[in-house]
$ cat coords.tsv   # TSV, C-alpha atoms
chain	number	residue	atom	x	y	z
A	1	MET	CA	16.19	41.12	-12.34
A	2	ILE	CA	16.57	37.50	-11.41
A	3	GLU	CA	18.64	36.58	-8.38
A	4	TYR	CA	20.52	33.39	-9.21
A	5	ASP	CA	22.31	32.99	-5.94
A	6	ILE	CA	20.29	30.79	-3.63
A	7	THR	CA	21.71	28.54	-0.98
A	8	CYS	CA	21.24	24.80	-0.71
A	9	ALA	CA	18.99	25.37	2.29
A	10	GLU	CA	16.79	27.64	0.19
A	11	LEU	CA	16.66	25.09	-2.59
A	12	ILE	CA	15.67	22.42	-0.09
A	13	ARG	CA	12.81	24.64	1.07
A	14	MET	CA	11.71	25.11	-2.53
A	15	SER	CA	11.91	21.41	-3.33
A	16	GLY	CA	8.49	20.56	-1.89
A	17	PRO	CA	6.55	22.94	-4.12
A	18	SER	CA	8.79	21.90	-7.00
A	19	LEU	CA	8.00	18.21	-6.51
A	20	ASP	CA	4.31	19.09	-6.41
A	21	GLY	CA	4.66	21.15	-9.58
A	22	LEU	CA	3.71	24.24	-7.60
A	23	LEU	CA	6.96	26.20	-7.68
A	24	GLN	CA	6.23	29.79	-8.61
A	25	PRO	CA	7.30	30.43	-12.21
A	26	GLU	CA	9.48	33.39	-11.20
A	27	LEU	CA	11.49	31.08	-8.93
A	28	ARG	CA	11.87	28.26	-11.41
A	29	GLU	CA	14.88	29.69	-13.21
A	30	THR	CA	16.74	30.39	-9.98
A	31	TYR	CA	15.97	26.89	-8.82
A	32	GLU	CA	17.16	25.27	-12.03
A	33	GLN	CA	20.30	27.40	-12.06
A	34	HIS	CA	21.23	26.16	-8.62
A	35	LEU	CA	20.58	22.56	-9.57
A	36	ALA	CA	22.73	22.95	-12.65
A	37	PHE	CA	25.84	23.60	-10.60
A	38	CYS	CA	25.09	21.80	-7.33
A	39	GLY	CA	25.48	18.05	-7.51
A	40	GLU	CA	24.56	17.57	-3.87
A	41	CYS	CA	21.21	19.23	-4.39
A	42	ARG	CA	20.62	17.14	-7.48
A	43	VAL	CA	21.21	13.99	-5.43
A	44	PHE	CA	19.02	15.32	-2.64
A	45	LEU	CA	16.22	16.00	-5.10
A	46	LEU	CA	16.58	12.62	-6.76
A	47	ARG	CA	16.33	10.92	-3.38
A	48	GLN	CA	13.22	12.90	-2.53
A	49	ARG	CA	11.65	12.21	-5.91
A	50	THR	CA	12.48	8.52	-5.70
A	51	ALA	CA	11.03	8.10	-2.23
A	52	ARG	CA	7.93	10.03	-3.20
A	53	SER	CA	7.46	8.01	-6.36
A	54	ILE	CA	7.82	4.65	-4.64
A	55	LEU	CA	5.50	5.68	-1.81
A	56	GLY	CA	3.03	6.91	-4.40
A	57	GLU	CA	2.84	3.47	-5.92
A	58	LEU	CA	2.07	1.67	-2.69
A	59	TYR	CA	-1.49	0.62	-2.33
A	60	SER	CA	-3.43	0.32	0.84
A	61	PRO	CA	-4.78	-3.19	1.28
A	62	ALA	CA	-8.51	-3.67	1.57
A	63	PRO	CA	-9.76	-4.00	5.13
A	64	PRO	CA	-10.83	-7.43	6.30
A	65	ALA	CA	-14.51	-8.24	6.38
A	66	GLN	CA	-14.21	-8.44	10.15
A	67	LEU	CA	-13.78	-4.67	10.35
A	68	LEU	CA	-16.66	-3.94	8.02
A	69	ALA	CA	-18.85	-6.27	10.02
A	70	GLU	CA	-17.86	-4.63	13.28
A	71	ILE	CA	-18.62	-1.13	12.12
A	72	ASP	CA	-22.26	-0.49	11.54
A	73	MET	CA	-21.94	2.42	9.15
A	74	PRO	CA	-24.79	4.84	9.71
A	75	THR	CA	-25.83	7.33	7.10
A	76	VAL	CA	-24.66	10.82	7.92
A	77	PRO	CA	-27.53	13.26	7.48
B	1	MET	CA	-16.84	6.27	3.46
B	2	THR	CA	-15.29	2.80	3.58
B	3	GLU	CA	-12.43	4.14	1.46
B	4	MET	CA	-11.07	5.47	4.77
B	5	HIS	CA	-10.50	2.00	6.22
B	6	PRO	CA	-7.18	1.22	4.52
B	7	LEU	CA	-5.82	4.62	5.51
B	8	LEU	CA	-6.94	4.19	9.11
B	9	LEU	CA	-5.44	0.73	9.24
B	10	ARG	CA	-2.15	2.07	7.98
B	11	VAL	CA	-2.12	4.64	10.75
B	12	CYS	CA	-2.98	2.16	13.47
B	13	ARG	CA	-1.23	-1.03	12.47
B	14	SER	CA	2.28	0.21	13.00
B	15	VAL	CA	1.57	0.97	16.65
B	16	ALA	CA	-0.79	-1.90	17.32
B	17	THR	CA	0.12	-5.52	17.02
B	18	PRO	CA	-1.31	-7.98	16.40
B	19	GLU	CA	-3.51	-6.86	13.54
B	20	GLY	CA	-6.63	-7.42	15.65
B	21	GLU	CA	-5.65	-4.54	17.92
B	22	ALA	CA	-5.33	-2.21	14.96
B	23	LEU	CA	-8.74	-3.28	13.75
B	24	ALA	CA	-10.18	-2.61	17.18
B	25	MET	CA	-8.61	0.86	17.18
B	26	VAL	CA	-10.15	1.61	13.81
B	27	ALA	CA	-13.55	0.38	14.87
B	28	SER	CA	-13.33	2.47	18.03
B	29	ALA	CA	-12.35	5.55	16.02
B	30	TRP	CA	-15.40	5.08	13.84
B	31	ARG	CA	-17.68	4.76	16.84
B	32	GLN	CA	-16.27	7.96	18.34
B	33	ALA	CA	-16.60	9.74	15.02
B	34	PHE	CA	-20.23	8.69	14.66
B	35	ALA	CA	-20.91	9.83	18.20
B	36	SER	CA	-19.40	13.23	17.46
B	37	GLY	CA	-22.38	14.25	15.36
B	38	ALA	CA	-20.38	15.19	12.28
B	39	SER	CA	-22.47	17.32	9.96
B	40	ASP	CA	-21.35	15.81	6.67
B	41	ASP	CA	-19.19	13.09	5.17
B	42	ASP	CA	-16.05	15.18	5.07
B	43	ALA	CA	-16.40	16.17	8.70
B	44	LEU	CA	-16.91	12.52	9.56
B	45	ARG	CA	-13.77	11.56	7.65
B	46	HIS	CA	-11.77	14.11	9.59
B	47	GLN	CA	-13.28	13.03	12.87
B	48	VAL	CA	-12.51	9.37	12.37
B	49	LEU	CA	-8.97	10.14	11.30
B	50	ARG	CA	-8.46	12.40	14.30
B	51	HIS	CA	-9.69	9.68	16.64
B	52	ALA	CA	-7.51	7.03	15.01
B	53	VAL	CA	-4.48	9.30	15.16
B	54	ALA	CA	-5.17	10.17	18.79
B	55	ALA	CA	-5.40	6.48	19.66
B	56	ALA	CA	-2.21	5.69	17.76
B	57	ALA	CA	-0.44	8.63	19.40
B	58	SER	CA	-1.47	7.38	22.80
B	59	VAL	CA	0.01	3.95	22.08
B	60	GLU	CA	3.14	5.50	20.63
B	61	ARG	CA	3.67	7.76	23.66
B	62	ALA	CA	3.50	4.74	25.93
B	63	ARG	CA	6.31	3.05	24.06
B	64	PRO	CA	9.88	3.27	25.29
B	65	PRO	CA	11.83	5.76	23.18
B	66	SER	CA	13.86	4.27	20.37
B	67	SER	CA	16.88	5.81	18.74
B	68	GLY	CA	16.05	8.15	15.91
B	69	ALA	CA	12.29	7.89	16.24
B	70	THR	CA	12.07	10.42	19.04
B	71	SER	CA	15.19	12.41	18.39
B	72	SER	CA	14.83	16.13	18.94
B	73	THR	CA	17.74	16.84	16.62
B	74	PRO	CA	16.59	18.57	13.46
B	75	PHE	CA	16.77	16.17	10.58
B	76	PHE	CA	18.56	18.73	8.39
B	77	PRO	CA	20.64	20.38	11.09
B	78	THR	CA	22.39	22.86	8.85
B	79	GLY	CA	19.91	23.05	6.04
B	80	ARG	CA	21.62	20.07	4.40
B	81	TRP	CA	20.71	16.45	4.35
B	82	ARG	CA	22.35	13.67	6.28
B	83	GLY	CA	24.12	10.79	4.66
B	84	GLY	CA	23.99	10.77	0.91
B	85	TRP	CA	24.27	7.86	-1.39
B	86	ALA	CA	27.73	6.74	-2.39
B	87	SER	CA	26.43	5.72	-5.78
B	88	ALA	CA	23.74	7.16	-7.97
B	89	PRO	CA	20.31	6.96	-6.33
B	90	ILE	CA	18.02	4.22	-7.44
B	91	ASP	CA	16.49	4.80	-10.85
B	92	VAL	CA	12.72	4.80	-10.53
B	93	SER	CA	12.24	3.88	-14.16
B	94	ALA	CA	14.42	0.80	-13.61
B	95	VAL	CA	12.31	-0.13	-10.60
B	96	ARG	CA	9.17	0.01	-12.68
B	97	HIS	CA	10.64	-2.33	-15.28
B	98	ASP	CA	12.05	-4.87	-12.86
B	99	PRO	CA	9.30	-6.69	-10.95
B	100	ALA	CA	11.68	-8.12	-8.37
B	101	LEU	CA	13.27	-4.75	-7.70
B	102	ALA	CA	9.86	-3.07	-7.60
B	103	ALA	CA	8.65	-5.55	-5.01
B	104	ALA	CA	11.80	-5.10	-2.94
B	105	ALA	CA	11.52	-1.33	-3.12
B	106	ALA	CA	7.86	-1.40	-2.17
B	107	SER	CA	8.58	-3.69	0.75
B	108	ALA	CA	11.45	-1.48	1.94
B	109	ALA	CA	9.25	1.59	1.61
B	110	GLU	CA	6.42	-0.08	3.54
B	111	HIS	CA	8.75	-0.97	6.39
B	112	ALA	CA	10.24	2.51	6.39
B	113	LEU	CA	6.76	4.01	6.46
B	114	ASP	CA	5.75	1.87	9.43
B	115	ALA	CA	8.94	2.81	11.26
B	116	LEU	CA	8.28	6.54	11.00
B	117	ARG	CA	7.03	8.31	14.07
B	118	LEU	CA	3.33	8.96	13.95
B	119	ARG	CA	3.30	12.51	12.65
B	120	LEU	CA	5.65	11.70	9.80
B	121	ARG	CA	3.79	8.52	9.04
B	122	LEU	CA	0.44	10.26	8.95
B	123	LEU	CA	1.73	12.98	6.65
B	124	SER	CA	3.41	10.50	4.34
B	125	VAL	CA	0.38	8.28	4.11
B	126	LEU	CA	-1.99	11.15	3.47
B	127	ARG	CA	0.18	13.05	1.01
B	128	GLU	CA	2.31	10.41	-0.70
B	129	VAL	CA	0.27	7.21	-0.55
B	130	GLU	CA	-3.30	8.48	-0.52
B	131	HIS	CA	-2.49	11.63	-2.52
B	132	TRP	CA	-4.52	14.01	-0.40
B	133	PRO	CA	-4.00	17.65	-1.38
B	134	ALA	CA	-1.62	19.59	0.86
B	135	GLU	CA	-4.30	22.02	1.96
B	136	ARG	CA	-6.62	19.26	3.09
B	137	VAL	CA	-3.83	17.65	5.10
B	138	ARG	CA	-2.97	20.98	6.69
B	139	THR	CA	-6.60	21.43	7.69
B	140	LEU	CA	-6.51	18.07	9.38
B	141	THR	CA	-3.13	18.35	11.06
B	142	GLY	CA	-3.01	22.05	11.85
B	143	LEU	CA	0.52	22.26	10.45
B	144	ASP	CA	1.59	25.33	8.54
B	145	PRO	CA	2.95	24.87	4.99
B	146	ARG	CA	6.57	25.13	6.09
B	147	GLN	CA	6.21	22.60	8.91
B	148	GLN	CA	4.43	20.20	6.60
B	149	ALA	CA	7.10	20.54	3.93
B	150	GLU	CA	9.91	19.98	6.43
B	151	LEU	CA	8.27	16.89	7.86
B	152	LEU	CA	7.59	15.47	4.43
B	153	ARG	CA	11.22	16.02	3.42
B	154	GLU	CA	12.34	14.18	6.53
B	155	ALA	CA	9.95	11.30	5.84
B	156	ARG	CA	11.10	11.02	2.23
B	157	GLU	CA	14.71	11.05	3.31
B	158	ARG	CA	14.09	8.25	5.78
B	159	VAL	CA	12.40	6.22	3.05
B	160	ALA	CA	15.29	6.98	0.71
B	161	GLN	CA	17.69	5.68	3.36
B	162	ALA	CA	15.70	2.47	3.51
B	163	LEU	CA	16.18	2.09	-0.23
B	164	GLU	CA	19.94	2.44	-0.05
B	165	PRO	CA	20.64	-1.30	0.31
B	166	LEU	CA	18.82	-1.86	-2.97
B	167	VAL	CA	21.01	0.71	-4.63
B	168	ALA	CA	24.11	-0.96	-3.27
B	169	GLU	CA	22.92	-4.32	-4.57
B	170	GLU	CA	22.29	-2.85	-8.00
B	171	ALA	CA	25.72	-1.24	-8.04
B	172	ASP	CA	27.39	-4.55	-7.14
B	173	GLU	CA	25.86	-6.34	-10.10
$ encode --input "coords.tsv" --output "structure tokens"
Amino acid sequence: MIEYDITCAELIRMSGPSLDGLLQPELRETYEQHLAFCGECRVFLLRQRTARSILGELYSPAPPAQLLAEIDMPTVP
Amino acid sequence: MTEMHPLLLRVCRSVATPEGEALAMVASAWRQAFASGASDDDALRHQVLRHAVAAAASVERARPPSSGATSSTPFFPTGRWRGGWASAPIDVSAVRHDPALAAAAASAAEHALDALRLRLRLLSVLREVEHWPAERVRTLTGLDPRQQAELLREARERVAQALEPLVAEEADE
């Protein structure tokens, strides 16, 4: 039997695995049910997804040659 | 191994200005990592990151506290989020199709990332920017899955807050 009644706090806890695509299949329906009727959680999730997406598209700039010159990279055995 | 440099610079540059100081911190972290006698490349990567984080943490601890950055108040005090956008959150697909908006969003996200306290910043950079797997980050940080998830939610929320002005501008048009 599926328990549909989860709180917003529980959904928030489940949001991380959900964003990573790692939410357990048996929890997915409960999660979606909550989102279907809770606009605040939908906004919360959209904010999280948006921030994650934009951060994911940042790139780390290449280090200056100065750093590479300063570090004499030895070979790790 | 040089793929670690940008990540290390990200960790150090927000606590060390000018840029030269951040570079010196990174170089020092490498020297300490090499001296640690790491047994393989992965151990060396962890060592250098640990040393860089320790150096950044030391600088950060020496700073005067700023509002928000050192607050002990839980970010989601009642299991809910703070704030909330008045209008619909920014549409990521629109960002991707609007170069000016994409640049503004990236810039806002960069500034928000640099403004995070060290632990949040490190987690965000490793998980969201560098796309390290959660388990690898937990190994490095010693956080349990729940702690890591809570901190990441807080970091994302702070970045989302930084994007709010863009949303408002879009809504005004």
$ residues_near_point --input "coords.tsv" --point "(5.0, 6.2, -4.6)" --cutoff "10 Å" --atoms "all atoms listed in the file" --output "PyMOL selection string"
(chain A and resi 49-59) or (chain B and resi 92+106+109+128-131)
$ atom_distance --input "coords.tsv" --atom1 "atom CA of B:Ser107" --atom2 "atom CA of B:Val159"
10.9 Å
$ interface_residues --input "coords.tsv" --of "chain B" --to "chain A" --cutoff "9 Å" --atoms "only C-alpha atoms" --output "mmCIF file with C-alpha atoms, in the coordinates of the input"
data_model
loop_
_atom_site.group_PDB
_atom_site.id
_atom_site.type_symbol
_atom_site.label_atom_id
_atom_site.label_comp_id
_atom_site.auth_asym_id
_atom_site.auth_seq_id
_atom_site.Cartn_x
_atom_site.Cartn_y
_atom_site.Cartn_z
ATOM 1 C CA MET B 1 -16.840 6.270 3.460
ATOM 2 C CA THR B 2 -15.290 2.800 3.580
ATOM 3 C CA GLU B 3 -12.430 4.140 1.460
ATOM 4 C CA HIS B 5 -10.500 2.000 6.220
ATOM 5 C CA PRO B 6 -7.180 1.220 4.520
ATOM 6 C CA LEU B 7 -5.820 4.620 5.510
ATOM 7 C CA LEU B 9 -5.440 0.730 9.240
ATOM 8 C CA ARG B 10 -2.150 2.070 7.980
ATOM 9 C CA LEU B 23 -8.740 -3.280 13.750
ATOM 10 C CA ALA B 24 -10.180 -2.610 17.180
ATOM 11 C CA VAL B 26 -10.150 1.610 13.810
ATOM 12 C CA ALA B 27 -13.550 0.380 14.870
ATOM 13 C CA SER B 28 -13.330 2.470 18.030
ATOM 14 C CA TRP B 30 -15.400 5.080 13.840
ATOM 15 C CA ARG B 31 -17.680 4.760 16.840
ATOM 16 C CA PHE B 34 -20.230 8.690 14.660
ATOM 17 C CA GLY B 37 -22.380 14.250 15.360
ATOM 18 C CA ALA B 38 -20.380 15.190 12.280
ATOM 19 C CA SER B 39 -22.470 17.320 9.960
ATOM 20 C CA ASP B 40 -21.350 15.810 6.670
ATOM 21 C CA ASP B 41 -19.190 13.090 5.170
ATOM 22 C CA LEU B 44 -16.910 12.520 9.560
ATOM 23 C CA THR B 78 22.390 22.860 8.850
ATOM 24 C CA GLY B 79 19.910 23.050 6.040
ATOM 25 C CA ARG B 80 21.620 20.070 4.400
ATOM 26 C CA TRP B 81 20.710 16.450 4.350
ATOM 27 C CA GLY B 84 23.990 10.770 0.910
ATOM 28 C CA TRP B 85 24.270 7.860 -1.390
ATOM 29 C CA ALA B 88 23.740 7.160 -7.970
ATOM 30 C CA PRO B 89 20.310 6.960 -6.330
ATOM 31 C CA ILE B 90 18.020 4.220 -7.440
ATOM 32 C CA ASP B 91 16.490 4.800 -10.850
ATOM 33 C CA VAL B 92 12.720 4.800 -10.530
ATOM 34 C CA VAL B 95 12.310 -0.130 -10.600
ATOM 35 C CA ALA B 102 9.860 -3.070 -7.600
ATOM 36 C CA ALA B 105 11.520 -1.330 -3.120
ATOM 37 C CA ALA B 106 7.860 -1.400 -2.170
ATOM 38 C CA ALA B 109 9.250 1.590 1.610
ATOM 39 C CA GLU B 110 6.420 -0.080 3.540
ATOM 40 C CA LEU B 113 6.760 4.010 6.460
ATOM 41 C CA SER B 124 3.410 10.500 4.340
ATOM 42 C CA VAL B 125 0.380 8.280 4.110
ATOM 43 C CA ARG B 127 0.180 13.050 1.010
ATOM 44 C CA GLU B 128 2.310 10.410 -0.700
ATOM 45 C CA VAL B 129 0.270 7.210 -0.550
ATOM 46 C CA GLU B 130 -3.300 8.480 -0.520
ATOM 47 C CA HIS B 131 -2.490 11.630 -2.520
ATOM 48 C CA ARG B 146 6.570 25.130 6.090
ATOM 49 C CA ALA B 149 7.100 20.540 3.930
ATOM 50 C CA GLU B 150 9.910 19.980 6.430
ATOM 51 C CA LEU B 152 7.590 15.470 4.430
ATOM 52 C CA ARG B 153 11.220 16.020 3.420
ATOM 53 C CA ALA B 155 9.950 11.300 5.840
ATOM 54 C CA ARG B 156 11.100 11.020 2.230
ATOM 55 C CA GLU B 157 14.710 11.050 3.310
ATOM 56 C CA ARG B 158 14.090 8.250 5.780
ATOM 57 C CA VAL B 159 12.400 6.220 3.050
ATOM 58 C CA ALA B 160 15.290 6.980 0.710
ATOM 59 C CA GLN B 161 17.690 5.680 3.360
ATOM 60 C CA LEU B 163 16.180 2.090 -0.230
#
$ closest_residue --input "coords.tsv" --among "B:Leu116, B:Ala162, B:Val137, B:Val15" --to "B:Ser58" --atoms "all atoms listed in the file"
B:Val15
$ atom_distance --input "coords.tsv" --atom1 "atom CA of B:Gln147" --atom2 "atom CA of B:Leu122"
13.6 Å
$ closest_residue --input "coords.tsv" --among "B:Glu135, B:Met4, B:Arg96, B:Arg119" --to "B:His46" --atoms "only C-alpha atoms"
B:Met4
$ closest_residue --input "coords.tsv" --among "B:Ala52, B:Ala43, B:Val59, B:Ala104" --to "B:Arg117" --atoms "only C-alpha atoms"
B:Val59
$ residues_around --input "coords.tsv" --residues "B:Ala56" --least-positions-apart "6" --cutoff "9 Å" --atoms "all atoms listed in the file" --output "list of chain:residue names"
B:Val11, B:Cys12, B:Arg13, B:Ser14, B:Val15, B:Ala16, B:Ala22, B:Met25, B:Leu118
$ atom_distance --input "coords.tsv" --atom1 "atom CA of A:His34" --atom2 "atom CA of A:Ile6"
6.9 Å
$ decode --input "coords.tsv" --residues "stretch 53-64 of chain B" --atoms "all heavy atoms" --output "PDB file, in the first residue's frame"
ATOM      1  N   VAL B  53      41.555  23.380   1.282  1.00  0.00           N
ATOM      2  CA  VAL B  53      40.377  23.707   2.083  1.00  0.00           C
ATOM      3  C   VAL B  53      40.798  24.153   3.482  1.00  0.00           C
ATOM      4  O   VAL B  53      40.251  25.113   4.044  1.00  0.00           O
ATOM      5  CB  VAL B  53      39.421  22.491   2.172  1.00  0.00           C
ATOM      6  CG1 VAL B  53      38.342  22.716   3.208  1.00  0.00           C
ATOM      7  CG2 VAL B  53      38.795  22.236   0.808  1.00  0.00           C
ATOM      8  N   ALA B  54      41.786  23.465   4.041  1.00  0.00           N
ATOM      9  CA  ALA B  54      42.257  23.853   5.373  1.00  0.00           C
ATOM     10  C   ALA B  54      42.815  25.273   5.354  1.00  0.00           C
ATOM     11  O   ALA B  54      42.554  26.070   6.265  1.00  0.00           O
ATOM     12  CB  ALA B  54      43.318  22.868   5.857  1.00  0.00           C
ATOM     13  N   ALA B  55      43.564  25.595   4.304  1.00  0.00           N
ATOM     14  CA  ALA B  55      44.122  26.948   4.205  1.00  0.00           C
ATOM     15  C   ALA B  55      43.014  27.977   4.041  1.00  0.00           C
ATOM     16  O   ALA B  55      43.031  29.040   4.685  1.00  0.00           O
ATOM     17  CB  ALA B  55      45.085  27.011   3.016  1.00  0.00           C
ATOM     18  N   ALA B  56      42.039  27.651   3.196  1.00  0.00           N
ATOM     19  CA  ALA B  56      40.924  28.586   2.992  1.00  0.00           C
ATOM     20  C   ALA B  56      40.118  28.744   4.277  1.00  0.00           C
ATOM     21  O   ALA B  56      39.683  29.845   4.619  1.00  0.00           O
ATOM     22  CB  ALA B  56      40.025  28.077   1.862  1.00  0.00           C
ATOM     23  N   ALA B  57      39.929  27.634   4.994  1.00  0.00           N
ATOM     24  CA  ALA B  57      39.164  27.697   6.245  1.00  0.00           C
ATOM     25  C   ALA B  57      39.873  28.570   7.264  1.00  0.00           C
ATOM     26  O   ALA B  57      39.246  29.324   8.009  1.00  0.00           O
ATOM     27  CB  ALA B  57      38.963  26.297   6.806  1.00  0.00           C
ATOM     28  N   SER B  58      41.185  28.477   7.274  1.00  0.00           N
ATOM     29  CA  SER B  58      41.963  29.281   8.209  1.00  0.00           C
ATOM     30  C   SER B  58      41.781  30.769   7.914  1.00  0.00           C
ATOM     31  O   SER B  58      41.587  31.580   8.825  1.00  0.00           O
ATOM     32  CB  SER B  58      43.440  28.880   8.092  1.00  0.00           C
ATOM     33  OG  SER B  58      44.224  29.727   8.859  1.00  0.00           O
ATOM     34  N   VAL B  59      41.824  31.125   6.634  1.00  0.00           N
ATOM     35  CA  VAL B  59      41.614  32.524   6.248  1.00  0.00           C
ATOM     36  C   VAL B  59      40.194  32.949   6.600  1.00  0.00           C
ATOM     37  O   VAL B  59      39.962  34.041   7.137  1.00  0.00           O
ATOM     38  CB  VAL B  59      41.873  32.718   4.734  1.00  0.00           C
ATOM     39  CG1 VAL B  59      41.503  34.133   4.303  1.00  0.00           C
ATOM     40  CG2 VAL B  59      43.325  32.422   4.409  1.00  0.00           C
ATOM     41  N   GLU B  60      39.253  32.069   6.327  1.00  0.00           N
ATOM     42  CA  GLU B  60      37.853  32.424   6.568  1.00  0.00           C
ATOM     43  C   GLU B  60      37.579  32.616   8.062  1.00  0.00           C
ATOM     44  O   GLU B  60      36.839  33.511   8.456  1.00  0.00           O
ATOM     45  CB  GLU B  60      36.933  31.347   5.988  1.00  0.00           C
ATOM     46  CG  GLU B  60      35.481  31.774   5.968  1.00  0.00           C
ATOM     47  CD  GLU B  60      34.629  30.835   5.131  1.00  0.00           C
ATOM     48  OE1 GLU B  60      34.290  29.740   5.601  1.00  0.00           O
ATOM     49  OE2 GLU B  60      34.310  31.205   4.000  1.00  0.00           O
ATOM     50  N   ARG B  61      38.185  31.767   8.892  1.00  0.00           N
ATOM     51  CA  ARG B  61      37.979  31.886  10.347  1.00  0.00           C
ATOM     52  C   ARG B  61      38.515  33.214  10.869  1.00  0.00           C
ATOM     53  O   ARG B  61      38.005  33.762  11.832  1.00  0.00           O
ATOM     54  CB  ARG B  61      38.664  30.734  11.062  1.00  0.00           C
ATOM     55  CG  ARG B  61      37.833  29.464  11.152  1.00  0.00           C
ATOM     56  CD  ARG B  61      38.394  28.526  12.200  1.00  0.00           C
ATOM     57  NE  ARG B  61      39.753  28.106  11.880  1.00  0.00           N
ATOM     58  CZ  ARG B  61      40.052  27.066  11.110  1.00  0.00           C
ATOM     59  NH1 ARG B  61      39.086  26.342  10.584  1.00  0.00           N
ATOM     60  NH2 ARG B  61      41.307  26.736  10.867  1.00  0.00           N
ATOM     61  N   ALA B  62      39.566  33.700  10.229  1.00  0.00           N
ATOM     62  CA  ALA B  62      40.181  34.944  10.687  1.00  0.00           C
ATOM     63  C   ALA B  62      39.383  36.181  10.291  1.00  0.00           C
ATOM     64  O   ALA B  62      39.635  37.274  10.783  1.00  0.00           O
ATOM     65  CB  ALA B  62      41.596  35.049  10.125  1.00  0.00           C
ATOM     66  N   ARG B  63      38.425  35.980   9.415  1.00  0.00           N
ATOM     67  CA  ARG B  63      37.612  37.112   8.963  1.00  0.00           C
ATOM     68  C   ARG B  63      36.599  37.505  10.023  1.00  0.00           C
ATOM     69  O   ARG B  63      36.102  36.644  10.748  1.00  0.00           O
ATOM     70  CB  ARG B  63      36.819  36.742   7.713  1.00  0.00           C
ATOM     71  CG  ARG B  63      37.600  36.733   6.446  1.00  0.00           C
ATOM     72  CD  ARG B  63      36.663  36.276   5.360  1.00  0.00           C
ATOM     73  NE  ARG B  63      37.206  36.447   4.035  1.00  0.00           N
ATOM     74  CZ  ARG B  63      36.597  36.022   2.937  1.00  0.00           C
ATOM     75  NH1 ARG B  63      35.427  35.410   3.026  1.00  0.00           N
ATOM     76  NH2 ARG B  63      37.140  36.206   1.772  1.00  0.00           N
ATOM     77  N   PRO B  64      36.249  38.792  10.073  1.00  0.00           N
ATOM     78  CA  PRO B  64      35.138  39.174  10.943  1.00  0.00           C
ATOM     79  C   PRO B  64      33.846  38.554  10.429  1.00  0.00           C
ATOM     80  O   PRO B  64      33.670  38.422   9.211  1.00  0.00           O
ATOM     81  CB  PRO B  64      35.106  40.704  10.832  1.00  0.00           C
ATOM     82  CG  PRO B  64      35.826  41.026   9.583  1.00  0.00           C
ATOM     83  CD  PRO B  64      36.817  39.918   9.349  1.00  0.00           C
TER      84      PRO B  64
END
